[in-house]
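Enquirer: Supplied structure: query-v6.cif, mmCIF, C-alpha atoms.
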```cif
data_run
loop_
_atom_site.label_atom_id
_atom_site.label_comp_id
_atom_site.auth_asym_id
_atom_site.auth_seq_id
_atom_site.Cartn_x
_atom_site.Cartn_y
_atom_site.Cartn_z
CA MET A 1349 -23.97 44.91 31.87
CA LYS A 1350 -25.20 48.46 32.47
CA PHE A 1351 -28.12 50.12 30.74
CA ILE A 1352 -30.07 53.38 30.73
CA ASP A 1353 -33.87 53.40 30.47
CA PHE A 1354 -34.94 56.07 27.93
CA CYS A 1355 -38.55 57.18 27.37
CA ALA A 1356 -38.91 55.17 30.54
CA GLY A 1357 -42.61 55.58 31.31
CA ILE A 1358 -43.17 53.58 34.48
CA GLY A 1359 -40.26 51.21 33.95
CA GLY A 1360 -41.50 48.11 32.13
CA GLY A 1361 -38.36 48.01 30.01
CA ARG A 1362 -36.14 48.45 33.03
CA LEU A 1363 -37.87 45.72 34.98
CA GLY A 1364 -37.59 43.25 32.10
CA LEU A 1365 -33.82 43.73 31.93
CA GLU A 1366 -33.29 43.74 35.69
CA LYS A 1367 -34.91 40.29 35.79
CA LEU A 1368 -31.89 39.15 33.78
CA GLY A 1369 -29.36 40.64 36.19
CA LEU A 1370 -28.59 43.80 34.20
CA GLN A 1371 -27.97 47.06 36.08
CA CYS A 1372 -29.94 50.25 35.46
CA ILE A 1373 -27.81 53.37 36.02
CA GLY A 1374 -30.33 56.07 35.11
CA PHE A 1375 -33.45 56.89 33.17
CA SER A 1376 -35.05 59.55 31.00
CA GLU A 1377 -38.72 60.55 31.38
CA ILE A 1378 -40.46 63.91 30.91
CA ASP A 1379 -43.89 63.11 32.39
CA PRO A 1380 -43.82 63.96 36.12
CA ASN A 1381 -46.72 61.61 36.84
CA ALA A 1382 -44.92 58.71 35.19
CA GLU A 1383 -41.75 59.62 37.08
CA ASN A 1384 -43.70 59.58 40.34
CA THR A 1385 -44.89 56.03 39.65
CA TYR A 1386 -41.42 55.00 38.46
CA ARG A 1387 -39.80 56.20 41.67
CA ARG A 1388 -42.44 54.47 43.80
CA PHE A 1389 -41.36 51.27 42.06
CA PHE A 1390 -37.59 51.75 41.96
CA GLY A 1391 -36.69 54.42 44.53
CA ASN A 1392 -34.95 57.74 44.20
CA SER A 1393 -31.33 56.75 43.71
CA GLU A 1394 -31.07 57.01 39.90
CA THR A 1395 -30.82 60.26 37.96
CA ASN A 1396 -33.68 61.24 35.68
CA TYR A 1397 -31.89 62.83 32.73
CA GLY A 1398 -35.16 64.40 31.60
CA ASP A 1399 -36.06 65.31 28.03
CA LEU A 1400 -34.20 62.95 25.73
CA MET A 1401 -34.09 65.59 23.00
CA LYS A 1402 -32.26 67.99 25.33
CA ILE A 1403 -29.76 65.55 26.81
CA ASN A 1404 -26.11 66.30 26.23
CA PRO A 1405 -24.61 62.83 25.79
CA ILE A 1406 -21.46 64.03 27.56
CA ASP A 1407 -23.53 64.23 30.74
CA LEU A 1408 -24.43 60.54 30.54
CA PRO A 1409 -22.30 57.87 32.20
CA ASN A 1410 -20.91 55.12 30.00
CA PHE A 1411 -23.32 52.24 29.49
CA ASP A 1412 -23.63 49.12 27.34
CA LEU A 1413 -27.30 48.88 26.37
CA LEU A 1414 -30.00 51.42 25.55
CA VAL A 1415 -33.65 50.47 26.05
CA ALA A 1416 -36.49 52.74 24.96
CA GLY A 1417 -40.20 52.51 24.34
CA PHE A 1418 -40.03 55.59 22.15
CA PRO A 1419 -43.33 57.48 21.72
CA CYS A 1420 -45.84 55.65 19.57
CA GLN A 1421 -48.55 58.29 19.03
CA ALA A 1422 -46.91 59.45 15.82
CA PHE A 1423 -47.27 55.98 14.29
CA SER A 1424 -50.32 54.46 15.99
CA ILE A 1425 -53.53 53.73 14.09
CA VAL A 1426 -55.43 55.59 16.83
CA GLY A 1427 -53.40 58.76 16.27
CA GLN A 1428 -52.99 61.03 13.26
CA ARG A 1429 -50.05 58.94 12.01
CA LYS A 1430 -47.79 61.86 11.13
CA GLY A 1431 -44.73 59.69 11.58
CA LEU A 1432 -41.32 61.29 11.24
CA THR A 1433 -42.90 64.70 10.55
CA ASP A 1434 -44.43 64.67 14.06
CA GLU A 1435 -42.36 66.19 16.87
CA ARG A 1436 -42.82 63.00 18.88
CA GLY A 1437 -41.65 60.95 15.89
CA GLN A 1438 -38.38 62.87 15.97
CA ILE A 1439 -37.45 61.09 19.22
CA ILE A 1440 -35.71 58.47 17.11
CA PHE A 1441 -33.17 61.13 16.08
CA GLY A 1442 -32.49 61.94 19.74
CA ILE A 1443 -31.87 58.24 20.36
CA LEU A 1444 -29.51 58.08 17.38
CA LYS A 1445 -27.56 61.08 18.70
CA ILE A 1446 -26.96 59.30 22.00
CA MET A 1447 -26.01 56.06 20.26
CA ARG A 1448 -23.50 57.93 18.11
CA ALA A 1449 -21.92 59.84 20.98
CA LYS A 1450 -21.75 57.01 23.53
CA LYS A 1451 -20.99 54.23 21.04
CA ILE A 1452 -23.26 51.89 22.95
CA LYS A 1453 -22.98 48.22 22.12
CA TYR A 1454 -26.60 47.07 22.15
CA PHE A 1455 -30.14 48.42 22.08
CA ILE A 1456 -33.74 47.29 22.43
CA LEU A 1457 -36.44 49.62 21.09
CA GLU A 1458 -40.22 49.16 21.24
CA ASN A 1459 -43.04 50.76 19.26
CA VAL A 1460 -46.55 50.07 17.99
CA LYS A 1461 -47.27 47.51 15.29
CA GLY A 1462 -48.71 50.32 13.13
CA LEU A 1463 -45.16 51.52 12.51
CA LEU A 1464 -44.75 48.64 10.05
CA ASN A 1465 -47.23 49.96 7.50
CA HIS A 1466 -47.03 53.68 8.17
CA GLU A 1467 -46.49 55.49 4.84
CA GLN A 1468 -46.66 52.10 3.08
CA GLY A 1469 -43.73 50.87 5.15
CA HIS A 1470 -41.46 53.82 4.30
CA THR A 1471 -41.16 55.01 7.93
CA PHE A 1472 -40.17 51.54 9.15
CA LYS A 1473 -37.56 51.13 6.43
CA THR A 1474 -36.19 54.61 7.14
CA ILE A 1475 -35.73 53.80 10.84
CA LEU A 1476 -33.92 50.57 9.95
CA LYS A 1477 -31.63 52.47 7.57
CA LEU A 1478 -30.93 55.15 10.16
CA LEU A 1479 -29.97 52.56 12.78
CA SER A 1480 -27.82 50.69 10.29
CA SER A 1481 -26.09 53.89 9.17
CA GLU A 1482 -25.00 54.48 12.77
CA GLY A 1483 -23.10 51.21 12.67
CA TYR A 1484 -25.59 48.68 14.04
CA GLY A 1485 -26.82 45.35 12.86
CA VAL A 1486 -30.57 45.47 13.43
CA THR A 1487 -33.40 43.00 13.39
CA ALA A 1488 -37.06 43.75 14.11
CA LYS A 1489 -40.05 41.60 14.92
CA VAL A 1490 -43.70 42.01 15.96
CA MET A 1491 -44.11 40.26 19.29
CA ASP A 1492 -47.33 39.54 21.18
CA SER A 1493 -47.36 39.70 24.98
CA SER A 1494 -49.72 36.71 25.06
CA HIS A 1495 -46.88 34.56 23.65
CA TYR A 1496 -44.74 35.36 26.68
CA GLY A 1497 -46.89 34.23 29.54
CA LEU A 1498 -49.22 37.22 29.91
CA PRO A 1499 -52.98 36.86 29.20
CA HIS A 1500 -52.84 40.13 27.28
CA LYS A 1501 -53.24 40.47 23.51
CA ARG A 1502 -50.64 43.16 22.83
CA GLU A 1503 -48.68 43.28 19.59
CA ARG A 1504 -45.69 45.59 19.47
CA ILE A 1505 -42.65 45.82 17.24
CA TYR A 1506 -39.25 45.34 18.86
CA PHE A 1507 -35.93 46.40 17.35
CA ILE A 1508 -32.84 44.58 18.65
CA GLY A 1509 -29.44 45.91 17.63
CA ILE A 1510 -25.78 45.15 18.17
CA ARG A 1511 -22.82 47.26 17.06
CA LYS A 1512 -21.46 45.90 13.78
CA ASP A 1513 -17.85 45.78 14.94
CA LEU A 1514 -18.95 43.20 17.52
CA ILE A 1515 -20.43 40.90 14.87
CA LYS A 1516 -18.40 38.70 12.56
CA ASP A 1517 -21.42 37.65 10.54
CA PHE A 1518 -24.66 39.63 10.55
CA ASN A 1519 -26.58 36.61 9.22
CA ASP A 1520 -25.56 34.72 12.35
CA PHE A 1521 -27.01 37.50 14.50
CA TYR A 1522 -30.17 37.78 12.38
CA SER A 1523 -30.78 34.03 12.33
CA HIS A 1524 -30.43 33.75 16.09
CA PHE A 1525 -33.33 36.12 16.72
CA HIS A 1526 -35.55 34.76 13.97
CA GLN A 1527 -35.12 31.10 14.82
CA TYR A 1528 -35.53 31.31 18.58
CA PRO A 1529 -38.12 28.53 18.93
CA GLU A 1530 -39.60 28.64 22.39
CA GLN A 1531 -42.89 30.14 23.48
CA LYS A 1532 -44.13 30.51 27.02
CA GLU A 1533 -47.60 29.22 27.80
CA MET A 1534 -50.09 31.95 28.59
CA SER A 1535 -50.99 32.17 32.28
CA ASN A 1536 -54.52 31.76 33.55
CA ILE A 1537 -56.20 35.15 33.59
CA ARG A 1538 -57.73 34.36 36.99
CA GLN A 1539 -54.27 34.92 38.49
CA TYR A 1540 -54.42 38.56 37.33
CA LEU A 1541 -58.04 39.63 37.89
CA ILE A 1542 -57.76 39.48 41.65
CA ASP A 1543 -58.95 42.83 42.99
CA ASN A 1544 -61.86 42.54 45.40
CA ASP A 1545 -62.82 46.20 45.66
CA ASN A 1546 -63.75 46.93 42.07
CA ILE A 1547 -67.42 45.93 41.77
CA ALA A 1548 -68.99 48.11 39.08
CA PHE A 1549 -72.49 49.56 38.83
CA THR A 1550 -73.19 49.65 42.56
CA GLY A 1551 -74.11 52.40 45.00
CA LYS A 1552 -73.51 55.79 43.42
CA GLN A 1553 -72.91 54.11 40.07
CA LYS A 1554 -76.56 53.17 39.52
CA LYS A 1555 -76.84 55.87 36.85
CA THR A 1556 -73.79 54.35 35.13
CA TYR A 1557 -75.49 50.97 35.25
CA GLN A 1558 -78.53 52.38 33.46
CA THR A 1559 -76.19 53.89 30.87
CA PHE A 1560 -74.71 50.43 30.33
CA LEU A 1561 -78.18 48.92 29.87
CA ASN A 1562 -78.94 51.60 27.29
CA TYR A 1563 -75.63 50.82 25.61
CA LEU A 1564 -76.72 47.19 25.22
CA GLU A 1565 -79.81 48.43 23.41
CA ASN A 1566 -78.12 50.76 20.94
CA LYS A 1567 -78.24 50.03 17.21
CA TYR A 1568 -74.94 48.15 17.28
CA ASN A 1569 -75.68 45.86 20.22
CA LYS A 1570 -79.48 45.44 20.30
CA GLY A 1571 -80.45 41.79 20.34
CA ARG A 1572 -76.85 40.59 20.46
CA PHE A 1573 -76.41 40.21 24.21
CA SER A 1574 -78.42 39.00 27.16
CA LEU A 1575 -77.51 40.58 30.48
CA SER A 1576 -78.34 37.39 32.37
CA ASN A 1577 -76.17 35.31 30.03
CA LEU A 1578 -73.24 37.69 30.39
CA LEU A 1579 -73.40 37.37 34.17
CA LYS A 1580 -73.27 33.58 34.00
CA GLU A 1581 -69.86 33.40 32.35
CA GLU A 1582 -67.09 33.60 34.93
CA PHE A 1583 -64.13 35.81 33.97
CA LEU A 1584 -65.70 36.92 30.72
CA ILE A 1585 -63.92 40.10 29.54
CA ILE A 1586 -66.17 42.90 28.30
CA ASP A 1587 -64.78 45.75 26.20
CA THR A 1588 -67.26 48.64 25.95
CA ARG A 1589 -66.06 50.41 22.84
CA GLN A 1590 -67.67 53.60 21.62
CA SER A 1591 -70.19 51.68 19.53
CA ASP A 1592 -70.10 47.89 19.74
CA LEU A 1593 -69.44 45.70 22.73
CA ARG A 1594 -66.77 43.02 22.34
CA LEU A 1595 -66.24 39.91 24.43
CA TYR A 1596 -62.95 38.18 25.22
CA ARG A 1597 -62.12 34.97 26.96
CA GLU A 1598 -58.81 33.90 28.52
CA LYS A 1599 -57.06 37.19 27.72
CA ILE A 1600 -57.50 40.95 27.84
CA PRO A 1601 -57.50 43.06 24.67
CA THR A 1602 -54.64 45.51 24.24
CA LEU A 1603 -54.33 47.92 27.13
CA ARG A 1604 -53.71 51.45 25.92
CA THR A 1605 -53.63 54.93 27.32
CA GLY A 1606 -57.22 55.82 26.45
CA ARG A 1607 -58.96 52.50 27.01
CA HIS A 1608 -60.64 52.45 30.41
CA GLY A 1609 -63.96 50.75 29.61
CA LEU A 1610 -62.90 47.20 30.39
CA PHE A 1611 -65.04 45.04 32.67
CA TYR A 1612 -65.13 41.39 33.58
CA ILE A 1613 -67.57 39.02 35.26
CA LYS A 1614 -66.65 37.48 38.59
CA ASN A 1615 -69.06 35.85 41.03
CA ASN A 1616 -71.99 37.00 38.88
CA GLN A 1617 -70.99 40.65 39.21
CA PHE A 1618 -69.60 43.25 36.85
CA ARG A 1619 -66.15 44.37 37.88
CA ARG A 1620 -63.97 47.11 36.47
CA LEU A 1621 -60.42 46.34 35.46
CA THR A 1622 -58.34 48.23 38.00
CA GLY A 1623 -54.98 49.94 37.71
CA TYR A 1624 -53.45 47.32 39.98
CA GLU A 1625 -54.71 44.52 37.72
CA SER A 1626 -53.53 46.32 34.58
CA LEU A 1627 -50.01 46.48 36.00
CA LEU A 1628 -50.08 42.73 36.63
CA LEU A 1629 -51.25 42.18 33.04
CA GLN A 1630 -48.18 44.08 31.84
CA GLY A 1631 -45.88 41.82 33.84
CA PHE A 1632 -45.27 44.02 36.88
CA PRO A 1633 -45.03 41.78 39.96
CA LYS A 1634 -47.46 42.15 42.83
CA GLN A 1635 -44.84 43.47 45.23
CA LEU A 1636 -44.29 46.46 42.95
CA ALA A 1637 -47.88 46.98 41.80
CA ILE A 1638 -49.09 47.15 45.39
CA ARG A 1639 -46.88 50.19 45.97
CA VAL A 1640 -49.17 52.39 43.88
CA LYS A 1641 -52.52 50.82 44.68
CA ASN A 1642 -54.82 53.44 46.26
CA LYS A 1643 -51.94 55.93 46.16
CA ILE A 1644 -52.24 57.00 42.52
CA PRO A 1645 -55.59 57.74 40.81
CA GLU A 1646 -57.04 54.71 39.05
CA ASN A 1647 -57.38 56.34 35.63
CA ARG A 1648 -53.78 57.48 35.79
CA THR A 1649 -52.51 53.99 36.61
CA LEU A 1650 -54.65 52.51 33.83
CA SER A 1651 -53.24 55.03 31.36
CA GLN A 1652 -49.67 54.45 32.48
CA SER A 1653 -50.11 50.69 32.22
CA GLY A 1654 -51.51 51.09 28.72
CA ASN A 1655 -48.45 53.08 27.74
CA ALA A 1656 -45.92 50.69 29.31
CA ILE A 1657 -43.68 48.07 27.76
CA SER A 1658 -44.68 44.51 28.64
CA VAL A 1659 -42.06 43.31 31.12
CA ASN A 1660 -42.06 39.71 29.88
CA VAL A 1661 -41.44 40.64 26.25
CA VAL A 1662 -38.48 42.98 26.78
CA SER A 1663 -37.05 40.37 29.14
CA ALA A 1664 -37.34 37.78 26.35
CA CYS A 1665 -35.53 40.16 23.97
CA GLY A 1666 -32.79 40.74 26.52
CA LYS A 1667 -32.48 37.02 27.18
CA ALA A 1668 -32.08 36.35 23.47
CA LEU A 1669 -29.32 38.95 23.24
CA LEU A 1670 -27.47 37.55 26.25
CA ASP A 1671 -27.86 34.03 24.91
CA PHE A 1672 -26.36 35.15 21.59
CA LEU A 1673 -23.37 36.70 23.35
CA ASN A 1674 -22.79 33.82 25.77
CA LYS A 1675 -22.86 31.16 23.07
CA ARG A 1676 -20.41 33.05 20.89
CA PRO A 1677 -17.29 33.63 23.02
CA SER A 1678 -15.46 35.16 20.06
CA TYR A 1679 -17.73 38.18 20.38
CA GLU A 1680 -16.98 40.84 22.94
CA ILE A 1681 -18.99 40.53 26.14
CA PRO A 1682 -18.80 43.49 28.55
CA GLN A 1683 -18.54 41.31 31.64
CA PRO A 1684 -19.42 37.78 32.76
CA LEU A 1685 -23.18 37.46 32.64
CA GLU A 1686 -24.89 35.94 35.63
CA LEU A 1687 -28.54 35.36 34.76
CA LYS A 1688 -31.04 35.17 37.59
CA GLU A 1689 -33.64 33.10 35.77
CA ASP A 1690 -33.82 29.40 36.56
CA LYS A 1691 -34.73 28.53 32.99
CA PRO A 1692 -34.42 30.37 29.67
CA ALA A 1693 -37.02 32.98 28.90
CA ASP A 1694 -39.15 32.13 25.88
CA LEU A 1695 -38.80 34.02 22.63
CA THR A 1696 -40.69 33.51 19.40
CA MET A 1697 -39.43 35.47 16.44
#
```
Show me this structure written as structure tokens.

Expert:
Amino acid sequence: MKFIDFCAGIGGGRLGLEKLGLQCIGFSEIDPNAENTYRRFFGNSETNYGDLMKINPIDLPNFDLLVAGFPCQAFSIVGQRKGLTDERGQIIFGILKIMRAKKIKYFILENVKGLLNHEQGHTFKTILKLLSSEGYGVTAKVMDSSHYGLPHKRERIYFIGIRKDLIKDFNDFYSHFHQYPEQKEMSNIRQYLIDNDNIAFTGKQKKTYQTFLNYLENKYNKGRFSLSNLLKEEFLIIDTRQSDLRLYREKIPTLRTGRHGLFYIKNNQFRRLTGYESLLLQGFPKQLAIRVKNKIPENRTLSQSGNAISVNVVSACGKALLDFLNKRPSYEIPQPLELKEDKPADLTM
């Protein structure tokens, strides 16, 4: 099965589908920095079709599945939430244009959880209606990366669609995705926080250390935390928000483009979460993540990781789709599917 990776970012969606044996035949990304990282991961062989809103579908090769983490700023609670009136929110119409022209069979779309209640749910319902009007059966579900093996609390909404002429009974399709029972146990966070060159508040950072001490004494945090007690707890996650400090154990709070103030305790020392570690927490394997370590600025890698699709979750969505097709031979399957996983990926709907 062939797919194109739209609004590709650094390729989390692509990687999740390639784990299942699907073939990427191109991508679309307008950020040159993201494209640089993407090509470091996947090479230079595929075409970048550029701005999705300017693509002429005739120029695209035929493909079966469209995957896209379409821009979330227009719907996120940390943005202005302009929704479909925002230029970035209009990306959905560019996606629909491609679906209409290429008559693709399947799609997986990802966006922020805030899309669900934007404009009292009107935006979400409108997107569902638009997808349905183009001839697709669609189901959507909020999925948390921590339910799919990653120690990362990240809730995102995923839309999974199949062309209606390929479905005899939409309820059969809907039920499959909403009754998928398995969850994957969350991995130990110690397997991800493995950088050894990220000790914080040392050397030239002494001034930053004093700033952190002052932060502990501000009106929100004063009397709540003991520095000595913090340092005693191995792999304690520390999120230095603008006002109050928050502590996490066993998993990282949601990585996002603008969140860089994450620390953890290891061997009685404060350590910064690094770009390399953030990639691992999004499901990128070490052999890929190492390709950008010390080659791309840390803040850029952190931002790109925060903007990426969690590899494990899109892989679970893809696995559910393939499972649906394989178990229903009366439905059209583009080609025999040869899955590379030894056991089924977990999916909780």

Enquirer: In Å to one decimal, how far is CA of Ile1537 in chain A from CA of Ser1626 in chain A?

Expert: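 Between CA of Ser1626 in chain A and CA of Ile1537 in chain A the gap is 11.5 Å.
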
Enquirer: Find, counting all atoms listed in the file, the residue in A:Lys1350, A:Lys1516, A:Arg1648, A:Arg1597 that gets nearest to Ile1452 in chain A.

Expert: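 Answer, going by the shortest atom-to-atom distance: A:Lys1350.
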
Enquirer: Between A:Leu1479, A:Gln1553, A:Ala1664, A:Gly1497, which has the minimum distance to Glu1366 in chain A (counting only C-alpha atoms)?

Expert: A:Ala1664

Enquirer: Go through A:Leu1413, A:Ile1547, A:Ile1542, A:Leu1628 and flag the residue nearest Val1659 in chain A, using all atoms listed in the file for the distances.

Expert: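 So, comparing all the options, the nearest one is A:Leu1628.
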
Enquirer: What's around Phe1507 in chain A at 9 Å? Count all atoms listed in the file, leave out sequence neighbours fewer than 3 positions away in its own chain, and write the answer as a ChimeraX atom specification.

Expert: /A:1455-1459,1476,1486-1489

Enquirer: For Ile1510 in chain A, work out the shell of residues within 6 Å, counting all atoms listed in the file and skipping chain neighbours fewer than 5 positions away, then give it as a ChimeraX atom specification.

Expert: /A:1453-1454,1484-1485

Enquirer: Write a file of the just-selected residues containing C-alpha atoms, as a PDB file, in the coordinates of the input.

Expert:
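Saved as result_11.pdb:
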```
ATOM      1  CA  LYS A1453     -22.980  48.220  22.120  1.00  0.00           C
ATOM      2  CA  TYR A1454     -26.600  47.070  22.150  1.00  0.00           C
ATOM      3  CA  TYR A1484     -25.590  48.680  14.040  1.00  0.00           C
ATOM      4  CA  GLY A1485     -26.820  45.350  12.860  1.00  0.00           C
TER       5      GLY A1485
END
```
